[in-house]
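I have placed the structure first, in the form of structure tokens, so that the comments after it can refer back to it.
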Amino acid sequence: MRHYVLLSVTLMLAFLFGCEGPVGPTGPQGPQGPQGAQGIQGPAGQDGADGATGATGPQGPQGVQGVAGAPGERGPQGDPLNWADVLERQNLVDGIYAIGVAYDDRSGARRFHINGTGFVAYYSNALWTNAHVVRGVRETVTGLAGANPKAIAVKAGSHNRGGGWTEYDLGGGHIHPDYDGTNSSPDIGLYYLPLDADATALSLLPREYFGGLHEGQPIGTLGFPGELRWGRGDGSVRPTFKDGTISAIHKFPTHYQIQHNFDVTGGTSGSAIFDHQGWVVAVNHAGFREGSLDFGIRADEVWEYIECCTREVALLSPEDTPLGPRLPVRPYPSDTYQPFPEDWNGETISP
């Protein structure tokens, strides 16, 4: 009996497993289980290569300008140029001379005809002027033959009281070898004063500084306009001071000319033109009344003539007074030329 029951059970199981049906549908997903613990972080990988730079984007609009700051403190006001200080500091008047011819008028009184102005520089007795002044003196002496004419130089500041003016006899004078009688040639002339003359020398600007001359810089001059009578007031021989500025600098084949606005007249030919420190930068020599255009030979031409005098002994004729000793050259106070006074406010004060 027991064997039949076991057999029946065995047959039933075999029937059930041997005849399995199709798989049923998937049931709903169960809830997510709790997250496990984080694993250990692995080593960092190598940095990748930089990518190419992208194109620049368009510029953004300009921002609003900020509020202007408060103005700073006003600097100190400059000083005017006082020409009286320049004349006194460099003793310029004592180096100026009137050049002309003394003669007897019909009444027998001694007269003086002014041909121009001169100044002493470099040598103790070298009186510099224009070549056309030297020629003019020669012609005046010839024209006054019979009136006891004599070429003389009269020292500025002297007077005709007591012993009379301080005057010196002049020889025939010398003319720059390149002067041809025109305004476009180097109009430089030279006389020799006696070796014992009481002469005060002016200072020529050193040659290496002439390139620093500048349009607009202040300049002055001392001369003897022919329109003025001698011995005015106390009888003193006083030169006329004028100041102005350099208007232009003109280059010629042999030299430079300085154009200025002094409005000078006859008698001032040969006068020194000096800067705000008293250095002689040019020699007055020409002017045109129409438009008040006046010119001076730049003084480096005086330096050139000095070299000529040193080389050419033939310039000295037997009747000439020997050329005196060279005077100490005043050193320029700066490495570069200073055409304008320091802290100058553009104003000038005349003597």
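Residue names in the structure tokens use chain letters A, B, ... in the order shown, residue numbers from 1 in each chain, and ligand numbers from 1 in the order shown.
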
Subject >> Selection: 9 Å around Thr245 in chain A, only C-alpha atoms, excl. self and same-chain fewer than 2 positions, as a ChimeraX atom specification >> reply: /A:215-220,243,247,259-262

Give me the residues of range 180-296 of chain A that have any atom at most 12 Å from an atom of range 81-89 of chain A; for each, the nearest atom pair and the distance in Å, rounded to one decimal. Use only C-alpha atoms, sort by chain and number, and format it as a tab-separated table.
residue	atom	partner	partner_atom	distance
A:Leu202	CA	A:Leu87	CA	10.7
A:Gln217	CA	A:Leu81	CA	11.4
A:Pro218	CA	A:Leu81	CA	8.7
A:Ile219	CA	A:Trp83	CA	9.5
A:Gly220	CA	A:Trp83	CA	8.1
A:Thr221	CA	A:Leu87	CA	10.0
A:Leu222	CA	A:Leu87	CA	9.7
A:Pro239	CA	A:Leu87	CA	11.9
A:Phe241	CA	A:Trp83	CA	9.4
A:Lys242	CA	A:Trp83	CA	9.7
A:Asp243	CA	A:Trp83	CA	8.5
A:Gly244	CA	A:Trp83	CA	11.1
A:Phe274	CA	A:Val86	CA	9.7
A:Asp275	CA	A:Val86	CA	9.0
A:His276	CA	A:Val86	CA	6.7
A:Gln277	CA	A:Val86	CA	6.3
A:Gly278	CA	A:Val86	CA	6.1
A:Trp279	CA	A:Val86	CA	9.9

**OP:** Apply DSSP to the structure's backbone, then extract all residues of range 202-348 of chain A labelled helix (DSSP H, G or I) and return them as a VMD selection string.
**Re:** chain A and resid 207 to 212 300 to 311 313 to 315

Residues flagged strand (DSSP E) by DSSP in range 48-278 of chain A, as a PDB file with C-alpha atoms, in the first residue's frame:
ATOM      1  CA  ASP A  79      59.987 136.541 -12.580  1.00  0.00           C
ATOM      2  CA  PRO A  80      60.430 139.315 -15.163  1.00  0.00           C
ATOM      3  CA  LEU A  81      63.790 139.889 -16.872  1.00  0.00           C
ATOM      4  CA  ASN A  82      65.361 143.044 -15.426  1.00  0.00           C
ATOM      5  CA  ILE A  96      80.770 150.164 -25.707  1.00  0.00           C
ATOM      6  CA  TYR A  97      82.309 152.851 -27.955  1.00  0.00           C
ATOM      7  CA  ALA A  98      81.024 155.381 -30.476  1.00  0.00           C
ATOM      8  CA  ILE A  99      83.042 155.229 -33.697  1.00  0.00           C
ATOM      9  CA  GLY A 100      83.332 158.172 -36.040  1.00  0.00           C
ATOM     10  CA  VAL A 101      85.378 161.137 -37.217  1.00  0.00           C
ATOM     11  CA  ALA A 102      86.349 164.253 -35.268  1.00  0.00           C
ATOM     12  CA  TYR A 103      86.784 167.392 -37.392  1.00  0.00           C
ATOM     13  CA  ASP A 104      86.825 171.206 -37.224  1.00  0.00           C
ATOM     14  CA  ARG A 110      85.619 170.534 -32.819  1.00  0.00           C
ATOM     15  CA  ARG A 111      82.768 168.303 -33.986  1.00  0.00           C
ATOM     16  CA  PHE A 112      82.197 164.585 -34.075  1.00  0.00           C
ATOM     17  CA  HIS A 113      80.438 162.654 -36.845  1.00  0.00           C
ATOM     18  CA  ILE A 114      79.053 159.268 -35.761  1.00  0.00           C
ATOM     19  CA  ASN A 115      79.542 156.407 -38.192  1.00  0.00           C
ATOM     20  CA  GLY A 116      78.663 153.521 -35.910  1.00  0.00           C
ATOM     21  CA  THR A 117      79.166 151.650 -32.662  1.00  0.00           C
ATOM     22  CA  GLY A 118      81.805 149.174 -31.501  1.00  0.00           C
ATOM     23  CA  PHE A 119      82.551 146.940 -28.533  1.00  0.00           C
ATOM     24  CA  VAL A 120      85.685 145.413 -27.013  1.00  0.00           C
ATOM     25  CA  ALA A 126      90.154 144.751 -30.101  1.00  0.00           C
ATOM     26  CA  LEU A 127      87.246 147.035 -31.018  1.00  0.00           C
ATOM     27  CA  TRP A 128      84.692 145.069 -33.058  1.00  0.00           C
ATOM     28  CA  THR A 129      82.230 146.741 -35.395  1.00  0.00           C
ATOM     29  CA  LYS A 150      90.631 162.060 -37.468  1.00  0.00           C
ATOM     30  CA  ALA A 151      89.058 158.648 -36.883  1.00  0.00           C
ATOM     31  CA  ILE A 152      88.364 158.197 -33.184  1.00  0.00           C
ATOM     32  CA  ALA A 153      86.454 155.995 -30.739  1.00  0.00           C
ATOM     33  CA  VAL A 154      84.693 157.604 -27.767  1.00  0.00           C
ATOM     34  CA  LYS A 155      84.100 155.531 -24.660  1.00  0.00           C
ATOM     35  CA  GLU A 167      88.563 159.109 -26.843  1.00  0.00           C
ATOM     36  CA  TYR A 168      91.163 157.094 -28.720  1.00  0.00           C
ATOM     37  CA  ASP A 169      92.690 157.571 -32.151  1.00  0.00           C
ATOM     38  CA  HIS A 174      90.388 145.987 -40.936  1.00  0.00           C
ATOM     39  CA  ILE A 175      87.557 144.371 -42.871  1.00  0.00           C
ATOM     40  CA  GLY A 189      85.220 145.010 -39.021  1.00  0.00           C
ATOM     41  CA  LEU A 190      87.977 145.540 -36.480  1.00  0.00           C
ATOM     42  CA  TYR A 191      89.931 148.443 -34.971  1.00  0.00           C
ATOM     43  CA  TYR A 192      92.788 148.330 -32.468  1.00  0.00           C
ATOM     44  CA  SER A 203      82.106 138.195 -23.447  1.00  0.00           C
ATOM     45  CA  LEU A 204      81.502 136.459 -26.767  1.00  0.00           C
ATOM     46  CA  PRO A 218      64.982 137.960 -25.282  1.00  0.00           C
ATOM     47  CA  ILE A 219      67.954 140.012 -26.480  1.00  0.00           C
ATOM     48  CA  GLY A 220      69.243 143.548 -25.947  1.00  0.00           C
ATOM     49  CA  THR A 221      71.633 146.029 -27.538  1.00  0.00           C
ATOM     50  CA  LEU A 222      73.523 149.255 -26.738  1.00  0.00           C
ATOM     51  CA  GLY A 223      74.321 151.701 -29.525  1.00  0.00           C
ATOM     52  CA  THR A 240      70.827 153.894 -26.148  1.00  0.00           C
ATOM     53  CA  PHE A 241      69.495 150.572 -24.847  1.00  0.00           C
ATOM     54  CA  LYS A 242      66.870 148.629 -26.769  1.00  0.00           C
ATOM     55  CA  ASP A 243      65.471 145.193 -26.156  1.00  0.00           C
ATOM     56  CA  GLY A 244      63.448 142.756 -28.190  1.00  0.00           C
ATOM     57  CA  THR A 245      63.485 139.164 -29.340  1.00  0.00           C
ATOM     58  CA  ILE A 246      65.040 137.019 -32.048  1.00  0.00           C
ATOM     59  CA  SER A 247      62.505 136.916 -34.879  1.00  0.00           C
ATOM     60  CA  ALA A 248      64.283 134.424 -37.143  1.00  0.00           C
ATOM     61  CA  ILE A 249      67.696 132.891 -37.853  1.00  0.00           C
ATOM     62  CA  HIS A 250      68.820 132.895 -41.500  1.00  0.00           C
ATOM     63  CA  LYS A 251      71.614 130.770 -42.963  1.00  0.00           C
ATOM     64  CA  TYR A 256      74.260 133.141 -40.140  1.00  0.00           C
ATOM     65  CA  GLN A 257      72.124 136.239 -39.659  1.00  0.00           C
ATOM     66  CA  ILE A 258      69.809 136.933 -36.748  1.00  0.00           C
ATOM     67  CA  GLN A 259      66.628 138.842 -37.535  1.00  0.00           C
ATOM     68  CA  HIS A 260      65.290 140.878 -34.611  1.00  0.00           C
ATOM     69  CA  ALA A 272      76.693 144.183 -29.765  1.00  0.00           C
ATOM     70  CA  ILE A 273      73.523 142.122 -29.425  1.00  0.00           C
ATOM     71  CA  PHE A 274      73.534 140.230 -26.143  1.00  0.00           C
TER      72      PHE A 274
END

Subject >> Long-range neighbours of Ser158 in chain A as a ChimeraX atom specification, 7 Å cut-off, only C-alpha atoms, 2 positions minimum in chain >> reply: /A:155-156,165-166,236-237
